[in-house]
Structure formats: structure tokens, C-alpha cells
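Read the structure below first, then the notes.
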Amino acid sequence: YVLTNNHVVAEADEIRVALKDGRETTAKVVGTDPGTDLAVLKISLDKLPALPFRESPMQVGDVVLAIGNPFGVGQTVTQGIVSAMGRQGLGINTFEDFIQTDAAINPGNSGGALIDVAGNLIGVNSAIYSRSGGNQGIGFAIPASLAKTVMQAIIKDGRVVRGWLGIEVRTLDATLAEQIGSRVNKGVAVAGIVRGGPAQKGGMEPGDIMVSINGEAVNDAQTAINRIAAFKPGTDLRTVVMRDNREVELKSRIGERPAETGHARE
């Protein structure tokens with residue numbers, strides 16, 4: 001099995017995997033997960049190298065190495081540090097929990113490994129922040145823990161099954177609260193609801209402010225998206241919303257997230 005980014009293989013008619021020892025072969029797509037921008041391929045070769053997944057968490061300042069083929073020049077390794085952990089709300093993927101690094105990541109690094117100095121996989125290089133299109137010291141990698149969970153689900157079922165309510169959400173801040181006339185300025189604003197979806201069936205309405213999910217507070221849209229997605233379809237979910245400046249408790253039965261939905265639509 002080969003783990004890479006979905007955007008690397010999404011539009012490909014044929015996929016070939018080249019190894020450092022000179023071997024090259026056609027790969028088959030086992031499954032993809034656009035929500036995390038991950039894909040799993042399968043090749044039929046023996047004596048394949050493999051990276052161990054790092055189990056212990058990384059810390060800001062830890063030294064990391066990024067492996068890839070930037071601009072097609074050939075296999076390249078760059079060094080940097082972990083600049084930040086848990087980057088969210090970047091608008092890159094639906095489900096975000098990025099490791100930020102200043103190790104040089106350029107076009108051609110996507111899908112490559114981000115490793116620690118002991119050679120353990122800590123992330124999958126996925127995106128850069130750049131005004132020029134080249135490296136400017138801000139790269140993002142999908143953490144190995146998330147990549148492993150997605151990979152195992154794809155290998156097992158060919159896809160990732162996630163919970164879904166059928167709502168469009170926005171993080172509520174002071175500006176948005178003033179615009180909609182809400183006395184609450186923390187929570188998640190329900191901007192839209194899918195007709196006939198689990199949220200509508202549970203009594204949720206556009207304009208509701210979601211303040212907790214199963215008793216746990218939610219203060220931003222990304223947290224709400226991630227938390228809802230973690231529930232298995234068929235699970236009963238309790239949400240507390242503010243409606244007309246009063247608390248309303250709702251109960252919805254989680255559905256299965258459709259394969260393709262818009263960003264921040266949960």
C-alpha cells in the first residue's frame with residue numbers, strides 16, 4: 001500500500017509509482033478521502049521499504065525532514081522544525097489538523113513523507129502557503145495519526161465513513177453576532193440546513209447558535225465539523241442551541257456523510 005495526497009492522483013488516467021531502487025510499476029487506487037486530501041494506492045512488488053508511524057506526539061521546535069520530488073528534480077530531503085501544531089481553519093481541507101513546518105516544501109513535495117530524525121513518519125506533506133508559488137517557510141503536513149486512521153479505513157472499507165448532520169456552519173464571533181442580533185458571541189452559527197437531513201428532522205433551524213454537542217462546548221466551526229464527523233451513523237446526538245436568545249436542547253440521529261459535500265458543510 002502507498003499513502004499519498006488525493007490531489008496528486010485525483011485527475012490521473014494512469015498512476016505509476018517509481019521506487020528509489022529503479023523499479024517502476026502501475027498502481028491501483030484502493031480509495032480516496034477528499035475531506036483530508038488523502039489517497040491509498042496498491043502496487044504488486046516485493047521487498048518494499050516502509051516507514052514506521054511515530055506514536056508519540058511532536059512538539060514545536062522538534063527537527064523534521066521533508067522528503068519529496070520538488071519541481072521534478074529528483075528525490076530531495078529538506079530540514080526544518082515543527083513551527084506549529086493543530087493548524088485549522090485554513091480552508092485547504094474539510095478536516096484540518098495540520099502540522100506546520102518551515103522545512104522547504106515546494107510543488108512536487110505533495111504526498112511525500114515528513115519524518116523525525118529517527119526516520120519515523122510524522123506527517124504527509126500536503127500544502128504550502130505562498131504568494132510566489134514556491135517555498136516561503138510555511139508548509140503544512142497531515143499528521144501521521146490522522147493519516148493512519150484514514151488509511152486503515154480505506155484499506156478496510158475502500159472509504160472513510162463519517163457522521164453527518166446536514167448543516168452549514170460558521171464560527172460565531174462578535175462581528176457576526178452583531179450582524180444577526182445574537183446576545184451570544186461564542187459558538188457555531190447554523191447558516192443553512194439540508195432539507196430532509198438529520199438536523200432538520202431533529203428540529204434544528206437556520207439561525208440557531210450551536211453551543212454544545214453531547215455536553216461538550218463548541219466554539220468554532222472546525223471543532224463542530226470534526227466532532228460530528230467522529231460519530232458513527234445511526235448514533236443519537238444531543239445539541240444545545242441558542243434560539244431567540246434562549247437555550248433549546250435538540251436530539252438528532254446522525255446520518256452518513258455524503259462522499260462529496262461542500263467545505264464546512266456538516
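By convention here, the chains of the C-alpha cells are called A, B, ... in the order presented, each chain's residues are numbered starting at 1, and ligands are numbered starting at 1 in the order presented.
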>> Using DSSP secondary structure from the backbone, list all strand (DSSP E or B) positions within range 15-249 of chain A, as a PyMOL selection string.
In response: chain A and resi 15-18+24-33+38-42+53+63-68+76-87+98-101+113-116+121-128+139-143+163-164+167-172+187-193+209-213+216-217+236-243+246-249
Produce a table with one row for each residue of range 26-91 of chain A that has an atom at most 6 Å from any atom of range 102-116 of chain A, each row naming the nearest atom pair and its distance in Å at one decimal; use only C-alpha atoms; arrange rows by chain and rising residue number; format as a Markdown table.
```
| residue | atom | partner | partner_atom | distance |
| --- | --- | --- | --- | --- |
| A:Val64 | CA | A:Asp116 | CA | 4.7 |
| A:Leu65 | CA | A:Ile115 | CA | 5.3 |
| A:Ala66 | CA | A:Leu114 | CA | 4.5 |
| A:Ile67 | CA | A:Ala113 | CA | 5.3 |
| A:Gly68 | CA | A:Asn109 | CA | 4.3 |
| A:Asn69 | CA | A:Gly108 | CA | 5.0 |
| A:Pro70 | CA | A:Gly108 | CA | 4.1 |
| A:Phe71 | CA | A:Gly108 | CA | 5.4 |
| A:Thr78 | CA | A:Ala103 | CA | 5.7 |
| A:Gln79 | CA | A:Ala103 | CA | 4.9 |
| A:Gly80 | CA | A:Ala103 | CA | 3.9 |
```
Generate the output file for the selected residues, N, CA and C atoms, as a short mmCIF file (atom, residue, chain, number, x, y, z; two decimals), in the first residue's frame.
```cif
data_model
loop_
_atom_site.label_atom_id
_atom_site.label_comp_id
_atom_site.auth_asym_id
_atom_site.auth_seq_id
_atom_site.Cartn_x
_atom_site.Cartn_y
_atom_site.Cartn_z
N VAL A 64 12.56 18.26 11.88
CA VAL A 64 11.87 17.36 10.95
C VAL A 64 12.54 17.42 9.58
N LEU A 65 12.31 16.38 8.78
CA LEU A 65 12.84 16.29 7.42
C LEU A 65 11.68 16.05 6.46
N ALA A 66 11.64 16.80 5.38
CA ALA A 66 10.61 16.64 4.36
C ALA A 66 11.22 15.97 3.13
N ILE A 67 10.57 14.89 2.68
CA ILE A 67 11.06 14.13 1.53
C ILE A 67 10.09 14.33 0.37
N GLY A 68 10.63 14.53 -0.82
CA GLY A 68 9.76 14.69 -1.99
C GLY A 68 10.56 14.80 -3.27
N ASN A 69 9.87 15.24 -4.31
CA ASN A 69 10.50 15.41 -5.62
C ASN A 69 10.12 16.80 -6.15
N PRO A 70 10.64 17.85 -5.48
CA PRO A 70 10.21 19.22 -5.84
C PRO A 70 10.61 19.60 -7.25
N PHE A 71 9.62 20.12 -7.98
CA PHE A 71 9.83 20.59 -9.35
C PHE A 71 10.40 19.50 -10.27
N THR A 78 14.72 18.00 2.73
CA THR A 78 14.96 19.31 3.32
C THR A 78 14.74 19.24 4.81
N GLN A 79 15.40 20.12 5.54
CA GLN A 79 15.33 20.09 7.01
C GLN A 79 14.69 21.35 7.54
N GLY A 80 13.96 21.19 8.64
CA GLY A 80 13.37 22.33 9.33
C GLY A 80 12.93 21.92 10.71
#
```
>> Using only C-alpha atoms, which protein or nucleic acid residues come within 7 Å of Arg170 in chain A? Drop anything in the same chain fewer than 2 positions from it, and give the result as a PyMOL selection string.
In response: chain A and resi 172+188-191+221
>> At a cut-off of 9 Å, using only C-alpha atoms, what residues contact range 197-199 of chain A? Leave out same-chain residues fewer than 3 positions from it and give the result as a PyMOL selection string.
In response: chain A and resi 164-167+193-194+202-205+250-255
> Among range 70-261 of chain A, which ones does DSSP place in alpha helix (DSSP H), written as a count of residues only?
Replying inline: 34
>> Counting only C-alpha atoms, which residue out of A:Leu3, A:Ile15, A:Ile142, A:Val211 sits closest to Gln88 in chain A?
In response: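 Result for the nearest residue to Gln88 in chain A: A:Ile142.
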> If you count only C-alpha atoms, which residues fall within 9 Å of Ile228 in chain A, apart from same-chain ones fewer than 4 positions away, as a ChimeraX atom specification?
Replying inline: /A:162-165,213,223-224,232,237,254,266
Could you write those residues out with all heavy atoms, as an mmCIF file, in the first residue's frame?
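Resulting contents of out.cif:
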```cif
data_model
loop_
_atom_site.group_PDB
_atom_site.id
_atom_site.type_symbol
_atom_site.label_atom_id
_atom_site.label_comp_id
_atom_site.auth_asym_id
_atom_site.auth_seq_id
_atom_site.Cartn_x
_atom_site.Cartn_y
_atom_site.Cartn_z
ATOM 1 N N ARG A 162 -18.138 8.714 7.883
ATOM 2 C CA ARG A 162 -18.196 9.776 8.890
ATOM 3 C C ARG A 162 -19.642 10.155 9.186
ATOM 4 O O ARG A 162 -20.527 9.979 8.366
ATOM 5 C CB ARG A 162 -17.454 11.020 8.396
ATOM 6 C CG ARG A 162 -15.956 10.839 8.239
ATOM 7 C CD ARG A 162 -15.297 12.176 7.928
ATOM 8 N NE ARG A 162 -13.844 12.073 7.886
ATOM 9 C CZ ARG A 162 -13.143 11.882 6.781
ATOM 10 N NH1 ARG A 162 -13.784 11.792 5.612
ATOM 11 N NH2 ARG A 162 -11.840 11.788 6.822
ATOM 12 N N GLY A 163 -19.829 10.719 10.377
ATOM 13 C CA GLY A 163 -21.144 11.214 10.755
ATOM 14 C C GLY A 163 -21.483 12.511 10.050
ATOM 15 O O GLY A 163 -20.597 13.258 9.625
ATOM 16 N N TRP A 164 -22.785 12.786 9.946
ATOM 17 C CA TRP A 164 -23.255 13.949 9.185
ATOM 18 C C TRP A 164 -24.592 14.422 9.733
ATOM 19 O O TRP A 164 -25.477 13.625 10.039
ATOM 20 C CB TRP A 164 -23.400 13.539 7.720
ATOM 21 C CG TRP A 164 -23.880 14.590 6.767
ATOM 22 C CD1 TRP A 164 -23.198 15.684 6.353
ATOM 23 C CD2 TRP A 164 -25.133 14.620 6.077
ATOM 24 N NE1 TRP A 164 -23.946 16.402 5.442
ATOM 25 C CE2 TRP A 164 -25.133 15.767 5.250
ATOM 26 C CE3 TRP A 164 -26.243 13.773 6.063
ATOM 27 C CZ2 TRP A 164 -26.217 16.102 4.440
ATOM 28 C CZ3 TRP A 164 -27.325 14.100 5.260
ATOM 29 C CH2 TRP A 164 -27.305 15.250 4.457
ATOM 30 N N LEU A 165 -24.727 15.753 9.890
ATOM 31 C CA LEU A 165 -25.996 16.335 10.334
ATOM 32 C C LEU A 165 -26.743 17.034 9.209
ATOM 33 O O LEU A 165 -27.953 17.189 9.272
ATOM 34 C CB LEU A 165 -25.763 17.332 11.471
ATOM 35 C CG LEU A 165 -25.722 16.799 12.899
ATOM 36 C CD1 LEU A 165 -25.569 17.950 13.880
ATOM 37 C CD2 LEU A 165 -26.963 15.993 13.232
ATOM 38 N N ILE A 213 -22.190 20.047 21.974
ATOM 39 C CA ILE A 213 -22.507 18.771 21.347
ATOM 40 C C ILE A 213 -22.271 17.686 22.378
ATOM 41 O O ILE A 213 -21.150 17.533 22.881
ATOM 42 C CB ILE A 213 -21.630 18.517 20.101
ATOM 43 C CG1 ILE A 213 -21.907 19.565 19.017
ATOM 44 C CG2 ILE A 213 -21.860 17.113 19.548
ATOM 45 C CD1 ILE A 213 -20.984 19.462 17.821
ATOM 46 N N THR A 223 -14.124 22.702 14.931
ATOM 47 C CA THR A 223 -14.324 21.750 16.022
ATOM 48 C C THR A 223 -15.652 21.034 15.867
ATOM 49 O O THR A 223 -15.745 19.816 16.069
ATOM 50 C CB THR A 223 -14.270 22.478 17.385
ATOM 51 O OG1 THR A 223 -12.976 23.061 17.545
ATOM 52 C CG2 THR A 223 -14.530 21.521 18.527
ATOM 53 N N ALA A 224 -16.703 21.771 15.505
ATOM 54 C CA ALA A 224 -18.017 21.156 15.310
ATOM 55 C C ALA A 224 -17.976 20.135 14.181
ATOM 56 O O ALA A 224 -18.513 19.027 14.304
ATOM 57 C CB ALA A 224 -19.064 22.237 15.024
ATOM 58 N N LYS A 232 -20.524 7.687 14.687
ATOM 59 C CA LYS A 232 -20.973 6.691 13.727
ATOM 60 C C LYS A 232 -22.400 6.996 13.276
ATOM 61 O O LYS A 232 -23.239 7.414 14.087
ATOM 62 C CB LYS A 232 -20.924 5.292 14.344
ATOM 63 C CG LYS A 232 -19.531 4.771 14.624
ATOM 64 C CD LYS A 232 -19.588 3.359 15.177
ATOM 65 C CE LYS A 232 -18.173 2.824 15.424
ATOM 66 N NZ LYS A 232 -18.207 1.445 15.988
ATOM 67 N N LEU A 237 -27.488 12.139 18.774
ATOM 68 C CA LEU A 237 -26.633 13.267 19.134
ATOM 69 C C LEU A 237 -27.477 14.340 19.810
ATOM 70 O O LEU A 237 -28.532 14.723 19.310
ATOM 71 C CB LEU A 237 -25.988 13.841 17.864
ATOM 72 C CG LEU A 237 -24.920 14.915 18.064
ATOM 73 C CD1 LEU A 237 -23.632 14.281 18.564
ATOM 74 C CD2 LEU A 237 -24.654 15.631 16.741
ATOM 75 N N ILE A 254 -27.611 10.831 13.845
ATOM 76 C CA ILE A 254 -26.542 11.082 12.879
ATOM 77 C C ILE A 254 -26.731 10.246 11.616
ATOM 78 O O ILE A 254 -27.021 9.056 11.684
ATOM 79 C CB ILE A 254 -25.175 10.753 13.513
ATOM 80 C CG1 ILE A 254 -24.839 11.760 14.613
ATOM 81 C CG2 ILE A 254 -24.075 10.731 12.461
ATOM 82 C CD1 ILE A 254 -24.416 13.109 14.115
ATOM 83 N N GLU A 266 -21.653 20.278 7.345
ATOM 84 C CA GLU A 266 -21.514 19.116 8.223
ATOM 85 C C GLU A 266 -22.813 18.295 8.275
ATOM 86 O O GLU A 266 -23.622 18.453 9.082
ATOM 87 C CB GLU A 266 -21.098 19.600 9.624
ATOM 88 C CG GLU A 266 -20.442 18.582 10.469
ATOM 89 C CD GLU A 266 -19.633 17.560 9.713
ATOM 90 O OE1 GLU A 266 -18.738 17.888 8.950
ATOM 91 O OE2 GLU A 266 -19.922 16.391 9.884
#
```
> A:Val30, A:Leu176, A:Val241, A:Val218: which is nearest Pro206 in chain A, counting only C-alpha atoms?
Replying inline: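 Closest to Pro206 in chain A of all the choices is A:Val241.
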> Quick one: residues within 9 Å of Phe140 in chain A, only C-alpha atoms counted, chain neighbours fewer than 4 positions away excluded, as a ChimeraX atom specification?
Replying inline: /A:87,98-102,105,123-129
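With only C-alpha atoms as the atoms that count, the residue of A:Val40, A:Leu51, A:Ile180, A:Ala18 with the shortest distance to Gly119 in chain A is A:Leu51.
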> In Å, with one decimal, what is the gap from CA of Leu146 in chain A to CA of Asn214 in chain A?
Replying inline: 22.8 Å
